[in-house]
Every structure is written in C-alpha cells, then in structure tokens.
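K.L.:
Encoded as structure tokens, here's the structure I'll be asking about.
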Amino acid sequence: MGNWNTTCACKRSKLMRKQMDSMNHNTHHEGIRTVKVNKVCDFSGNSDLCICAVTWNMNGKVVYEDLVELVGSNSKSDLLVVGLQEVPRKNIARLLETALVDTHVLLGKAIMQSLQLYVFGPQNSGLSIKELKVDKHSVGGCGGLIRRKKGAVAICMSYNGIQMVFISCHLSVWIGVIYAAHARNVEERNSQCRHISHNLFSKYMNPYSKPAQVTVWLGDLNYRIQGIETHPVRNLIQKNLHRFLTSKDQLLQEAERGQVFDGYCEGTLTFKPTYKYDVGSSNYDTSYKVRVPSWTDRILFKIQDMEEIRASLHSYESVDDIHSSDHKPVKAHLCLKVNEQP
C-alpha cells in the first residue's frame, strides 16, 4: 500500500510540474534586461541602500585569505550578501565574521549543507531588520550523498522599510547517469529555476501581501556557452573579445525565450567566463574534458516597481586573483533609491 501511495504521489507531482511549466511557457515575457555599469552613482551619494552581492562556488576548499579578498574591500556597503556553493565542512560564518569584524555584523544566514547564504550589515544595524525569514528548496537526489547539495537557500527581510529577497542557488541534478550541468540538459535547469522560484517562502504565502520590492538571485546557475567549440571560445577570450560570446550564452537565450528570469536585470558580461579553471591557476581546464569556458556564476536582480524604487548598478565583475577553486567569484554593487510618494 505504501508503494502504491508513493507512486500516485509521484504521478501527481509530475502532472502539477507539467501544468506549471506549461503556464510559464504561454505567458508574455520580457527576458533579462542587460544594464550597463554606472561608475558614478546617479543618486549623488544619497542612496537609501547600497548592496554588495557576492557569489562563489568554493569547490569544497577554503583559504581564509581568499575570503578576506572576497569580502574585505566592501566595508562601505550597507548590506553585504554572500552566496556560496560547494562549501567545505568548515565554519564559514565564523571565518566571514572574522574577516568583517571591524565593519559588519551577521544579520542572517540560510544553510543547506554545502549551499549557504549570509547577509551582513553595518555595526548596530540590527534595529533596521524586520520580519527576517529563511527558506530552502532542494533539487535532485544525488548531490547530498557527496554533500554538494543542489537547489537554493533564501533570506527574506525588510531593511529600512525595503522588502527584499536574497537567493543563493546551485543548479545541477543527475538524470540517469548524466549531469544536468551539460549543455543538452538546459531544459532541466529551466525547470529547476521555475520550481525554486515557485516554492521558496510558499509556506509564508499571504494572498494579501505585496511581492518583494527587490529580489537578488545569485549563484552557480550552470548555464553554459553552447553552439561553439572550446578552442574558438578560448581564442576569443585570449584576444579579449569574449563580449562576442554573449549571444551563445544559454541563460540569456533561455530568458529571451521566456523560460527563466522574466523581468530580471543583469549587468553587461564584460568579465571573462568564470568556469572552468585549473585549481591554483588562471588557466582554463586542461583536463581531458577540455570544458568550454562559460559564465556559470551570475548575479541577477529584479525591482518590482521601478517607479517606486530606482536601482543603479555600479560594478559587475569577477575576482580573478582568487585561485583556490575551479570557479572565479563574481561581485555586483547595487544601489537603491526609494522615490518619495506624493
């Protein structure tokens, strides 16, 4: 009887999944809006909130000096959001707190094994926080066996009256004996994105509440460059012509098709693809697989009402001086201005 119930539950789950995917496919979409980095703040130093967001797949290793390099230069940010994937069995929160001891305090964290998210604020900023909630949603079934969990962890909070959601994500599941990280499995990643977005904080759902004013989604999304072989890709990167590869980027392609991240914004991809490097170097993969370099690590944001909140992006870059992982970290600096209501 138990097996029969389990089978029925699986069938119902698959049917609901197909119905939800079909609904998402048939609606009007905007895709991802690429925004330029504005080195000078439009708000002339009067921003209501400045956020530094960082994402990094650590590849199961930690070097304290790399964490200092990652977060130590962001002391002027109001909020520092750190999303980590493939985190080793170390007390990363303590290491980050030590690196930021002079400027920031830990306001909230969300952890699901190797998938972690931390939000730091200035000293004595605890009174600015209201209604902080955390949630998580796993995808796939085998990543947890090697403690490299896939899915997303998230923090929802109100800071100085601005309602925000931060999501740290790692996409990749087993399909039979094939990893969804490979280019041919892009549809599975699309489905994972939609289900994570649908399920996070669903248990707190209030039909009368407004959606988050600001959503920042960061992580190892595992979308790849496709339709071009690895050596032509590397030649373009070596000649500093990687801007011509953005038309081959799966994430931008799938968003344009209306599959994922509808209405989100992302900075221009001016930095080199962040994966896959030989650990300890800045050389792209020299193993027998010779993987195609790709922008797997991304930071996207969505402003629910652009008339109510203006956003200005001041940096979107990789941190190339860190070599302890096969991924390079990615940083973004986002400033917000709340328009005065009449």
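So you can find residues: chains in the structure tokens are A, B, ... in the order shown, residues in each start at 1, and ligands are numbered from 1 in order.
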Determine, counting only C-alpha atoms, which protein, DNA and RNA residues have an atom within 8 Å of an atom of Ser47 in chain A; residues of the same chain fewer than 5 positions away are not included. Present the result as an MDAnalysis selection string.

P.N.:
chainID A and resid 335:337

K.L.:
For the residues in the current selection, export all heavy atoms as a PDB file, in the first residue's frame.

P.N.:
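Ended up saving to again.pdb:
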```pdb
ATOM      1  N   CYS A 335      22.925  49.924  -5.945  1.00  0.00           N
ATOM      2  CA  CYS A 335      22.411  50.981  -5.069  1.00  0.00           C
ATOM      3  C   CYS A 335      20.944  51.249  -5.375  1.00  0.00           C
ATOM      4  O   CYS A 335      20.520  51.242  -6.530  1.00  0.00           O
ATOM      5  CB  CYS A 335      23.224  52.264  -5.237  1.00  0.00           C
ATOM      6  SG  CYS A 335      24.869  52.178  -4.485  1.00  0.00           S
ATOM      7  N   LEU A 336      20.175  51.505  -4.307  1.00  0.00           N
ATOM      8  CA  LEU A 336      18.739  51.713  -4.422  1.00  0.00           C
ATOM      9  C   LEU A 336      18.350  53.078  -3.881  1.00  0.00           C
ATOM     10  O   LEU A 336      18.925  53.560  -2.904  1.00  0.00           O
ATOM     11  CB  LEU A 336      17.980  50.627  -3.639  1.00  0.00           C
ATOM     12  CG  LEU A 336      18.323  49.173  -3.957  1.00  0.00           C
ATOM     13  CD1 LEU A 336      17.570  48.249  -2.997  1.00  0.00           C
ATOM     14  CD2 LEU A 336      18.001  48.834  -5.396  1.00  0.00           C
ATOM     15  N   LYS A 337      17.348  53.672  -4.524  1.00  0.00           N
ATOM     16  CA  LYS A 337      16.785  54.952  -4.081  1.00  0.00           C
ATOM     17  C   LYS A 337      15.283  54.823  -4.074  1.00  0.00           C
ATOM     18  O   LYS A 337      14.655  54.516  -5.092  1.00  0.00           O
ATOM     19  CB  LYS A 337      17.213  56.089  -5.031  1.00  0.00           C
ATOM     20  CG  LYS A 337      16.648  57.444  -4.659  1.00  0.00           C
ATOM     21  CD  LYS A 337      17.290  58.005  -3.406  1.00  0.00           C
ATOM     22  CE  LYS A 337      16.842  59.420  -3.123  1.00  0.00           C
ATOM     23  NZ  LYS A 337      17.412  59.942  -1.871  1.00  0.00           N
TER      24      LYS A 337
END
```

K.L.:
Quick one: pick out all strand (DSSP E or B) residues within range 30-254 of chain A from a backbone DSSP run and write them as a PyMOL selection string.

P.N.:
chain A and resi 33-35+49-57+79-85+104-112+115-122+129-138+151-159+162-170+174-175+178-179+214-220+225+249

K.L.:
Restricting the calculation to only C-alpha atoms: of A:Pro329, A:Gly121, A:Gly83, A:Gly263, which residue gets closest to Trp217 in chain A?

P.N.:
A:Gly83

K.L.:
Residues at most 10 Å from Arg257 in chain A, counting only C-alpha atoms, excluding those fewer than 3 positions away in the same chain, as a PyMOL selection string?

P.N.:
chain A and resi 25+29-31+251-254+260+262

K.L.:
Nearest residue to Thr55 in chain A out of A:Val37, A:Leu218, A:Leu245, A:Leu95, using only C-alpha atoms?

P.N.:
A:Leu218

K.L.:
Fewer than 5 positions away in the same chain doesn't count, so skip those; otherwise give me all residues within 8 Å of Val319 in chain A, counting only C-alpha atoms, as JSON, numbers by chain.

P.N.:
{"A": [70, 328, 329, 330, 331]}

K.L.:
Per residue of range 49-106 of chain A within 12 Å of range 303-313 of chain A, what are the shortest atom pair and its distance in Å to one decimal, counting only C-alpha atoms, with rows by chain and residue number, as CSV?

P.N.:
```
residue,atom,partner,partner_atom,distance
A:Leu49,CA,A:Ala311,CA,9.7
A:Cys50,CA,A:Ser312,CA,9.4
A:Ile51,CA,A:Leu313,CA,9.7
A:Cys52,CA,A:Leu313,CA,10.1
A:Ala53,CA,A:Leu313,CA,11.1
```

K.L.:
Deliver the residues from the most recent selection as a file, using C-alpha atoms, as an mmCIF file, in the first residue's frame.

P.N.:
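That gives us result05.cif:
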```
data_model
loop_
_atom_site.group_PDB
_atom_site.id
_atom_site.type_symbol
_atom_site.label_atom_id
_atom_site.label_comp_id
_atom_site.auth_asym_id
_atom_site.auth_seq_id
_atom_site.Cartn_x
_atom_site.Cartn_y
_atom_site.Cartn_z
ATOM 1 C CA LEU A 49 20.612 51.398 0.394
ATOM 2 C CA CYS A 50 23.812 50.052 -1.176
ATOM 3 C CA ILE A 51 24.149 46.292 -1.567
ATOM 4 C CA CYS A 52 27.296 44.352 -2.403
ATOM 5 C CA ALA A 53 26.400 40.838 -3.598
#
```

K.L.:
Would you give me, as a count of residues only, the residues in range 55-288 of chain A that DSSP reads as alpha helix (DSSP H)?

P.N.:
46

K.L.:
Residues at most 12 Å from Gly126 in chain A, counting only C-alpha atoms, excluding those fewer than 6 positions away in the same chain, as a list in words?

P.N.:
Asp78, Leu79, His104, Val105, Leu106, Leu107, Gly108, Val119, Phe120, Leu132, Met157, Ser158, Tyr159 and Asn160 of chain A
